[in-house]
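For reference, the structure is listed below as structure tokens.
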Amino acid sequence: LLVGFAAETAATADALDDLGRAKLARKGCDLLVVNEVGSQEVFGSPANAVTILGSDGTSVHVPRTAKDEIADEIWDAVAGMLGRRHSIDS
């Protein structure tokens with residue numbers, strides 16, 4: 001399972017989603033965690049907002065929260081995708 005991360009600048013949430021989906025396909029990731037870096041302080045900040053995009057079409061928006069909470073959401077997405085793959089393979 002390949003998880004990628006993308007720091008992008010976009011004017012709208014839809015534009016950010018479009019950039020993320022394009023990068024997800026281009027890089028061949030199973031999951032891509034996208035965050036917008038133009039409008040708020042994210043580097044060095046204890047909080048962030050992200051969208052977790054899946055190659056299966058899923059999309060989970062995580063509103064601005066502590067980065068350890070974001071890590072939990074990413075892990076949940078990884079575990080969910082692994083669980084779906086295991087079900088398909090069995």
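Labeling convention for the structure tokens: chains A, B, ... as they appear, residues from 1 per chain, ligands from 1 in order of appearance.
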Taking 3 positions as the minimum chain separation for residues in the same chain, which residues sit within 9 Å of Ala6 of chain A when counting only C-alpha atoms? Answer as a tab-separated table (two decimals) with N, CA and C atoms, in the first residue's frame.
chain	number	residue	atom	x	y	z
A	20	GLY	N	-5.28	17.09	-6.15
A	20	GLY	CA	-4.96	15.85	-5.45
A	20	GLY	C	-5.28	14.61	-6.26
A	23	LYS	N	-2.72	14.18	-8.97
A	23	LYS	CA	-1.44	13.71	-8.44
A	23	LYS	C	-1.55	12.25	-8.01
A	32	LEU	N	-3.59	9.38	-1.02
A	32	LEU	CA	-2.83	10.62	-1.08
A	32	LEU	C	-3.41	11.57	-0.05
A	33	VAL	N	-2.56	12.07	0.84
A	33	VAL	CA	-2.96	13.03	1.86
A	33	VAL	C	-2.59	14.41	1.33
A	34	VAL	N	-3.60	15.23	1.09
A	34	VAL	CA	-3.41	16.54	0.46
A	34	VAL	C	-3.72	17.63	1.47
A	35	ASN	N	-2.83	18.61	1.55
A	35	ASN	CA	-3.14	19.78	2.36
A	35	ASN	C	-2.83	21.05	1.58
A	36	GLU	N	-3.61	22.08	1.87
A	36	GLU	CA	-3.47	23.37	1.21
A	36	GLU	C	-2.49	24.20	2.03
> Given the choices A:Leu19, A:Val62, A:Ala25, A:Ala10, which gets closest to Val37 of chain A if the distance is worked out from only C-alpha atoms?
Replying inline: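 Smallest separation from Val37 of chain A among the options: A:Ala10.
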>> If you run DSSP on the backbone here, which positions in chain A get alpha helix (DSSP H)? Please write them as a PyMOL selection string.
In response: chain A and resi 13-27+67-89
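In this model, the gap between atom CA of Met81 of chain A and atom CA of Val3 of chain A comes to 10.9 Å.
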>> Please return, as a PyMOL selection string, all residues of chain A that DSSP assigns to strand (DSSP E or B) on the basis of the backbone.
In response: chain A and resi 3-8+31-36+47-54+59-66
>> as an MDAnalysis selection string, please: the residues near Glu69 of chain A (cut-off 12 Å, only C-alpha atoms, same-chain neighbours under 4 positions excluded).
In response: chainID A and resid 46:50 62:65 73:76
Filtering to C-alpha atoms, could you give me those residues as an mmCIF file, in the first residue's frame?
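again09.cif was written with the following content:
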data_model
loop_
_atom_site.group_PDB
_atom_site.id
_atom_site.type_symbol
_atom_site.label_atom_id
_atom_site.label_comp_id
_atom_site.auth_asym_id
_atom_site.auth_seq_id
_atom_site.Cartn_x
_atom_site.Cartn_y
_atom_site.Cartn_z
ATOM 1 C CA PRO A 46 0.832 21.837 15.604
ATOM 2 C CA ALA A 47 -2.400 21.690 13.557
ATOM 3 C CA ASN A 48 -3.441 21.238 9.958
ATOM 4 C CA ALA A 49 -6.395 20.319 7.743
ATOM 5 C CA VAL A 50 -6.099 17.589 5.111
ATOM 6 C CA VAL A 62 -10.187 16.174 8.108
ATOM 7 C CA PRO A 63 -10.889 19.724 9.346
ATOM 8 C CA ARG A 64 -8.112 21.675 11.060
ATOM 9 C CA THR A 65 -7.029 19.668 14.078
ATOM 10 C CA GLU A 73 -7.217 9.486 10.460
ATOM 11 C CA ILE A 74 -4.491 8.484 7.991
ATOM 12 C CA TRP A 75 -3.964 5.222 9.851
ATOM 13 C CA ASP A 76 -7.717 4.550 9.795
#
>> Nearest residue to Ala66 of chain A out of A:Val42, A:Arg84, A:Leu2, A:Cys29, using only C-alpha atoms?
In response: A:Val42
> Which of these residues is nearest to Ala13 of chain A, using only C-alpha atoms: A:Gly44, A:Ser39, A:Ile70, A:Gly83?
Replying inline: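 Distance minimum relative to Ala13 of chain A lands on A:Ser39.
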> Which distance in Å separates atom CA of Ser45 of chain A and atom CA of Ala79 of chain A, to one decimal?
Replying inline: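 Taking atom CA of Ser45 of chain A and atom CA of Ala79 of chain A, their separation equals 26.4 Å.
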> What separation in Å, quoted to one decimal, exists between atom CA of Asp30 of chain A and atom CA of Ser55 of chain A?
Replying inline: 5.0 Å
>> Which residues are near Thr58 of chain A? Cut-off 10 Å, only C-alpha atoms, ignore same chain within fewer than 6 positions. Put them as an MDAnalysis selection string.
In response: chainID A and resid 31 52 77 81
Restricting the output to N, CA and C atoms, write the selected residues as a compact mmCIF listing (two decimals), in the first residue's frame.
# COMPACT_ATOMS: atom_id res chain seq x y z
N LEU A 31 -3.31 5.88 -1.54
CA LEU A 31 -3.88 6.99 -0.78
C LEU A 31 -2.98 8.20 -0.97
N ILE A 52 -7.89 13.16 2.64
CA ILE A 52 -7.29 11.86 2.32
C ILE A 52 -8.06 11.29 1.13
N ALA A 77 -7.56 5.25 7.46
CA ALA A 77 -7.72 5.09 6.01
C ALA A 77 -6.87 3.93 5.49
N MET A 81 -8.38 0.48 3.89
CA MET A 81 -8.02 0.02 2.55
C MET A 81 -7.43 -1.38 2.61
